[in-house]
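Participant: Just dropping this structure here.
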Amino acid sequence: MRFNTKQIHAGVEPDPVTGSILTPIYQSTTYVQPSVDEYLAKGYSYSRSGNPTVRALEKKLAVLEGGADCACFATGMAAIHAVFLAFLNAGDHAIVSDVAYGGTYRLCTTVFKRFGVSFDFADTANPDDVRSRMRDNTRLILTETPANPTLKLTDIQAVSEIARPRGIPHAVDNTFLTPYYQRPLELGADLVVHSTTKYLDGHNATVGGAVVSRTPELNEKVRFIQNATGTIASPQVAWLTLQGCKTLSVRLDRQSDNAMAIARFLESHPKVAKVCYPGLASFPQHELAKRQASGFGAMVWFEVRGGVAAGKKLMDSLSLWTLAENLGSVESLVTHPVTMTHADVDAAERKRVGITDGLVRLSVGMEDAEDLIEDLKGALDKI
Ligand SMILES: Cc1ncc(COP(=O)(O)O)c(C=O)c1O
């Protein structure tokens with residue numbers, strides 16, 4: 001089966017009792033067991049340990065990413081936290097991309113650090129930097145590519161080739177491109193992490209997360225944490241995400257086309273100082289973007305001339321673009337990472353990795369590109 005067919009049919013089948021074409025929302029805490037000897041005969045005991053609606057989403061995401069299995073979580077952060085808990089112990093060291101979602105950085109520096117785990121935030125765009133930070137106690141590499149918000153790319157294959165001979169799992173946060181455009185497991189990664197909140201849901205309706213594993217053994221470790229910590233996704237969220245997945249490719253293609261049109265418009269505007277989009281020839285890692293993914297995605301960032309004040313004025317002047325935290329949905333959103341998504345990243349570290357005070361992040365939606373451009377043009381005229 002090809003991707004468009006899989007995104008609709010994988011993991012789901014008509015309800016055996018009623019024929020309902022959609023997997024029902026199994027809103028039940030517990031599952032009646034036929035007898036003590038046949039405990040778990042139908043596979044379910046208690047909804048913290050597994051739920052049929054959540055299971056359908058797990059199966060679909062495993063197929064889409066090409067993994068052995070998947071575990072779904074209450075949020076993307078719960079999924080990342082599960083990977084840390086599954087593969088790190090006190091005294092261990094992990095390497096994490098130096099540009100990543102602010103919550104990932106916060107989880108490392110304020111939570112796991114308290115439990116004796118040390119982190120190196122590496123320039124994972126440079127495999128030599130990753131190699132040079134490996135220690136005897138390194139037990140996990142987590143990369144995010146494209147990274148939030150600067151869109152810096154990691155060469156997934158190159159980093160996997162560093163991790164694999166040492167037996168260290170390489171986890172890739174694939175939230176920005178989804179399995180439709182990028183499949184890290186095929187490039188040698190061991191685990192794929194998602195905030196399903198973003199493109200997989202796609203409608204600003206849920207928060208959720210997922211970890212897809214290359215092998216059943218890796219999945220068992222993650223699933224154990226899902227049950228032990230009680231961070232499984234809810235059936236309603238899983239159901240909404242199942243519906244979102246069915247239109248993933250159509251949404252992403254249209255959103256990416258819009259993003260390319262907007263990036264080109266911004267590049268040609270005299271008040272714009274800098275534009276960043278992996279699909280532009282000016283993007284520093286354009287060749288890598290073409291090589292390891294089949295699309296460029298729908299995230300764009302830019303800086304305006306006139307500094308931070310001009311950038312803030314622009315964001316406040318937009319009317320069709322909504323100022324909000326989130327990305328990946330059909331609605332176009334604008335975000336100021338320094339005050340919003342990355343406020344908890346140390347200011348010096350932000351500066352070092354290029355998250356500038358004037359950076360304006362766009363999550364391009366499915367509206368008509370012309371309307372989105374007209375709104376941006378109107379706001380640029382005001383600064
Ligand atoms: C790349 C990436 N990973 C993980 C997360 C965390 O996901 P959630 O907000 O669903 O917890 C986010 C949130 O913005 C993100 O952008």
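By convention in this document, the chains of the structure tokens carry letters A, B, ... by their order, each chain's residues are numbered from 1, and ligands are numbered from 1 in the order they are shown.
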Could you give me the residues within 10 Å of ligand 1, counting only C-alpha atoms and all ligand atoms, as a count of residues only?

Facilitator: 45

Participant: Excluding region 120-130 of chain A and any residue of its chain fewer than 3 positions from it, enumerate the residues within 8 Å of it, using only C-alpha atoms, and give them as a list in words.

Facilitator: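 That gives His93, Ala94, Ile95, Val96, Ser97, Asp98, Val99, Arg133, Met134, Thr143, Lys152, Leu153, Thr154, Asp155, Ala158, Val159 and Ile162 of chain A.
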
Participant: So which residues of region 19-260 of chain A fall under strand (DSSP E or B) by DSSP, listed as number ranges by chain?

Facilitator: A: 30, 46, 69-73, 93-97, 118-122, 138-144, 170-173, 191-195, 209-213, 232

Participant: Can you write just those residues out, C-alpha atoms, as a PDB file, in the first residue's frame?

Facilitator:
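The resulting result.pdb:
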ATOM      1  CA  THR A  30     -12.233  -1.305  32.529  1.00  0.00           C
ATOM      2  CA  TYR A  46      -7.781  -1.166  32.151  1.00  0.00           C
ATOM      3  CA  ASP A  69       4.885  -0.513  16.980  1.00  0.00           C
ATOM      4  CA  CYS A  70       3.860   2.750  18.610  1.00  0.00           C
ATOM      5  CA  ALA A  71       2.709   4.070  21.982  1.00  0.00           C
ATOM      6  CA  CYS A  72       0.472   7.155  22.183  1.00  0.00           C
ATOM      7  CA  PHE A  73       0.647   9.725  24.942  1.00  0.00           C
ATOM      8  CA  HIS A  93      24.298  11.376  29.683  1.00  0.00           C
ATOM      9  CA  ALA A  94      22.198  12.295  26.665  1.00  0.00           C
ATOM     10  CA  ILE A  95      22.848  14.408  23.578  1.00  0.00           C
ATOM     11  CA  VAL A  96      19.987  16.648  22.454  1.00  0.00           C
ATOM     12  CA  SER A  97      19.763  19.040  19.492  1.00  0.00           C
ATOM     13  CA  SER A 118      23.372  15.211  32.257  1.00  0.00           C
ATOM     14  CA  PHE A 119      22.778  16.698  28.806  1.00  0.00           C
ATOM     15  CA  ASP A 120      24.855  18.124  26.019  1.00  0.00           C
ATOM     16  CA  PHE A 121      23.025  20.394  23.608  1.00  0.00           C
ATOM     17  CA  ALA A 122      24.870  19.667  20.396  1.00  0.00           C
ATOM     18  CA  THR A 138      25.986   8.492  26.768  1.00  0.00           C
ATOM     19  CA  ARG A 139      22.767   6.474  26.494  1.00  0.00           C
ATOM     20  CA  LEU A 140      20.486   8.462  24.157  1.00  0.00           C
ATOM     21  CA  ILE A 141      20.595  10.912  21.262  1.00  0.00           C
ATOM     22  CA  LEU A 142      17.489  13.018  20.630  1.00  0.00           C
ATOM     23  CA  THR A 143      17.426  15.163  17.522  1.00  0.00           C
ATOM     24  CA  GLU A 144      14.686  17.429  16.240  1.00  0.00           C
ATOM     25  CA  HIS A 170      18.703   7.676  18.209  1.00  0.00           C
ATOM     26  CA  ALA A 171      15.281   9.284  18.666  1.00  0.00           C
ATOM     27  CA  VAL A 172      14.061  11.836  16.112  1.00  0.00           C
ATOM     28  CA  ASP A 173      11.330  14.370  16.762  1.00  0.00           C
ATOM     29  CA  LEU A 191      12.617   5.914  17.665  1.00  0.00           C
ATOM     30  CA  VAL A 192      10.363   8.612  16.231  1.00  0.00           C
ATOM     31  CA  VAL A 193       8.674  11.095  18.520  1.00  0.00           C
ATOM     32  CA  HIS A 194       5.638  13.202  17.639  1.00  0.00           C
ATOM     33  CA  SER A 195       3.594  15.949  19.078  1.00  0.00           C
ATOM     34  CA  GLY A 209       1.971  12.574  21.512  1.00  0.00           C
ATOM     35  CA  ALA A 210       3.411   9.369  20.074  1.00  0.00           C
ATOM     36  CA  VAL A 211       6.597   7.303  20.093  1.00  0.00           C
ATOM     37  CA  VAL A 212       7.109   4.898  17.194  1.00  0.00           C
ATOM     38  CA  SER A 213       9.778   2.235  17.715  1.00  0.00           C
ATOM     39  CA  ILE A 232      -1.463   7.331  27.774  1.00  0.00           C
TER      40      ILE A 232
END

Participant: Just to confirm, what's the straight-line distance from CA of Ser47 (chain A) to CA of Gln226 (chain A) in Å (one decimal)?

Facilitator: 11.2 Å

Participant: Which is closest to Thr356 (chain A) among A:Pro337, A:Gly378, A:Gly306, A:Gly188, if we use only C-alpha atoms?

Facilitator: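 Selected residue with least distance to Thr356 (chain A): A:Pro337.
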
Participant: Select, from A:Ala293, A:Ala86, A:Leu376, A:Met260, the residue with the minimum atom-to-atom distance to Leu187 (chain A), counting only C-alpha atoms.

Facilitator: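 Counting only C-alpha atoms, the residue closest to Leu187 (chain A) is A:Ala293.
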
Participant: Between A:Ser49, A:Lys382, A:Phe84, A:Glu367, single out the one closest to Asp316 (chain A), counting only C-alpha atoms.

Facilitator: A:Lys382

Participant: Looking at A:Gln236, A:Gln182, A:Ser160, A:Ser317, which one is nearest to Pro24 (chain A), with distances taken over only C-alpha atoms?

Facilitator: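 When distances to Pro24 (chain A) are compared using only C-alpha atoms, the smallest one comes from A:Gln236.
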
Participant: Name the residues of region 167-356 of chain A that come out as helix (DSSP H, G or I) in a backbone DSSP run; write them as a ChimeraX atom specification.

Facilitator: /A:178-181,184-187,216-229,235-245,248-267,286-292,307-317,347-353

Participant: So which one's closest to Asn204 (chain A), A:Ala324, A:Leu85, A:Val250, A:Ala263? Using only C-alpha atoms, please.

Facilitator: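 The answer is A:Ala324, which sits nearest to Asn204 (chain A).
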
Participant: Excluding Phe283 (chain A) and any residue of its chain fewer than 4 positions from it, enumerate the residues within 12 Å of it, using only C-alpha atoms, and give them as a PDB file with N, CA, C and O atoms, in the first residue's frame.

Facilitator:
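Here's the written file around_5.pdb:
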ATOM      1  N   THR A 150      14.164  27.457  14.453  1.00  0.00           N
ATOM      2  CA  THR A 150      15.062  27.990  13.415  1.00  0.00           C
ATOM      3  C   THR A 150      15.063  27.149  12.130  1.00  0.00           C
ATOM      4  O   THR A 150      15.618  27.550  11.132  1.00  0.00           O
ATOM      5  N   LEU A 151      14.479  25.936  12.202  1.00  0.00           N
ATOM      6  CA  LEU A 151      14.387  25.008  11.064  1.00  0.00           C
ATOM      7  C   LEU A 151      15.730  24.368  10.716  1.00  0.00           C
ATOM      8  O   LEU A 151      15.890  23.806   9.632  1.00  0.00           O
ATOM      9  N   LYS A 152      16.689  24.474  11.639  1.00  0.00           N
ATOM     10  CA  LYS A 152      17.977  23.795  11.403  1.00  0.00           C
ATOM     11  C   LYS A 152      17.735  22.293  11.213  1.00  0.00           C
ATOM     12  O   LYS A 152      16.918  21.694  11.917  1.00  0.00           O
ATOM     13  N   LEU A 153      18.442  21.705  10.261  1.00  0.00           N
ATOM     14  CA  LEU A 153      18.262  20.283   9.964  1.00  0.00           C
ATOM     15  C   LEU A 153      19.392  19.442  10.544  1.00  0.00           C
ATOM     16  O   LEU A 153      20.536  19.891  10.599  1.00  0.00           O
ATOM     17  N   ALA A 263       7.043  32.355   1.487  1.00  0.00           N
ATOM     18  CA  ALA A 263       8.493  32.557   1.644  1.00  0.00           C
ATOM     19  C   ALA A 263       9.028  33.387   0.473  1.00  0.00           C
ATOM     20  O   ALA A 263       9.854  34.294   0.668  1.00  0.00           O
ATOM     21  N   ARG A 264       8.552  33.091  -0.733  1.00  0.00           N
ATOM     22  CA  ARG A 264       9.017  33.849  -1.914  1.00  0.00           C
ATOM     23  C   ARG A 264       8.569  35.299  -1.825  1.00  0.00           C
ATOM     24  O   ARG A 264       9.327  36.219  -2.138  1.00  0.00           O
ATOM     25  N   GLU A 267      10.705  37.057   0.713  1.00  0.00           N
ATOM     26  CA  GLU A 267      12.073  37.236   0.204  1.00  0.00           C
ATOM     27  C   GLU A 267      12.167  38.467  -0.691  1.00  0.00           C
ATOM     28  O   GLU A 267      13.205  39.122  -0.755  1.00  0.00           O
ATOM     29  N   LYS A 274      15.361  39.037   6.556  1.00  0.00           N
ATOM     30  CA  LYS A 274      15.823  37.655   6.419  1.00  0.00           C
ATOM     31  C   LYS A 274      14.614  36.724   6.376  1.00  0.00           C
ATOM     32  O   LYS A 274      13.655  36.923   7.132  1.00  0.00           O
ATOM     33  N   VAL A 275      14.665  35.739   5.495  1.00  0.00           N
ATOM     34  CA  VAL A 275      13.593  34.732   5.418  1.00  0.00           C
ATOM     35  C   VAL A 275      14.236  33.355   5.470  1.00  0.00           C
ATOM     36  O   VAL A 275      15.267  33.128   4.842  1.00  0.00           O
ATOM     37  N   CYS A 276      13.601  32.448   6.189  1.00  0.00           N
ATOM     38  CA  CYS A 276      14.138  31.101   6.274  1.00  0.00           C
ATOM     39  C   CYS A 276      13.038  30.091   5.966  1.00  0.00           C
ATOM     40  O   CYS A 276      12.008  30.050   6.649  1.00  0.00           O
ATOM     41  N   TYR A 277      13.264  29.294   4.933  1.00  0.00           N
ATOM     42  CA  TYR A 277      12.337  28.207   4.573  1.00  0.00           C
ATOM     43  C   TYR A 277      13.167  27.151   3.837  1.00  0.00           C
ATOM     44  O   TYR A 277      13.886  27.472   2.875  1.00  0.00           O
ATOM     45  N   PRO A 278      13.082  25.889   4.260  1.00  0.00           N
ATOM     46  CA  PRO A 278      13.939  24.866   3.644  1.00  0.00           C
ATOM     47  C   PRO A 278      13.769  24.718   2.138  1.00  0.00           C
ATOM     48  O   PRO A 278      14.663  24.212   1.447  1.00  0.00           O
ATOM     49  N   GLY A 279      12.645  25.176   1.592  1.00  0.00           N
ATOM     50  CA  GLY A 279      12.412  25.065   0.152  1.00  0.00           C
ATOM     51  C   GLY A 279      13.088  26.154  -0.665  1.00  0.00           C
ATOM     52  O   GLY A 279      13.153  26.066  -1.898  1.00  0.00           O
ATOM     53  N   GLU A 287      20.162  21.452   0.237  1.00  0.00           N
ATOM     54  CA  GLU A 287      20.475  20.147  -0.381  1.00  0.00           C
ATOM     55  C   GLU A 287      20.076  18.990   0.541  1.00  0.00           C
ATOM     56  O   GLU A 287      19.508  18.002   0.093  1.00  0.00           O
ATOM     57  N   LEU A 288      20.374  19.162   1.849  1.00  0.00           N
ATOM     58  CA  LEU A 288      19.993  18.119   2.810  1.00  0.00           C
ATOM     59  C   LEU A 288      18.466  18.011   2.892  1.00  0.00           C
ATOM     60  O   LEU A 288      17.910  16.912   2.957  1.00  0.00           O
ATOM     61  N   ALA A 289      17.797  19.155   2.857  1.00  0.00           N
ATOM     62  CA  ALA A 289      16.315  19.151   2.899  1.00  0.00           C
ATOM     63  C   ALA A 289      15.765  18.333   1.741  1.00  0.00           C
ATOM     64  O   ALA A 289      14.828  17.540   1.912  1.00  0.00           O
ATOM     65  N   LYS A 290      16.359  18.488   0.569  1.00  0.00           N
ATOM     66  CA  LYS A 290      15.881  17.757  -0.614  1.00  0.00           C
ATOM     67  C   LYS A 290      16.204  16.268  -0.505  1.00  0.00           C
ATOM     68  O   LYS A 290      15.443  15.425  -0.950  1.00  0.00           O
ATOM     69  N   PHE A 296       9.061  20.142   1.940  1.00  0.00           N
ATOM     70  CA  PHE A 296       9.774  21.118   2.772  1.00  0.00           C
ATOM     71  C   PHE A 296       8.986  21.555   4.006  1.00  0.00           C
ATOM     72  O   PHE A 296       9.499  22.256   4.858  1.00  0.00           O
ATOM     73  N   VAL A 300       7.798  28.598   8.374  1.00  0.00           N
ATOM     74  CA  VAL A 300       8.642  29.639   7.780  1.00  0.00           C
ATOM     75  C   VAL A 300       8.993  30.602   8.906  1.00  0.00           C
ATOM     76  O   VAL A 300       8.186  30.793   9.815  1.00  0.00           O
ATOM     77  N   TRP A 301      10.183  31.179   8.891  1.00  0.00           N
ATOM     78  CA  TRP A 301      10.405  32.295   9.806  1.00  0.00           C
ATOM     79  C   TRP A 301      11.089  33.446   9.093  1.00  0.00           C
ATOM     80  O   TRP A 301      11.728  33.257   8.049  1.00  0.00           O
TER      81      TRP A 301
END
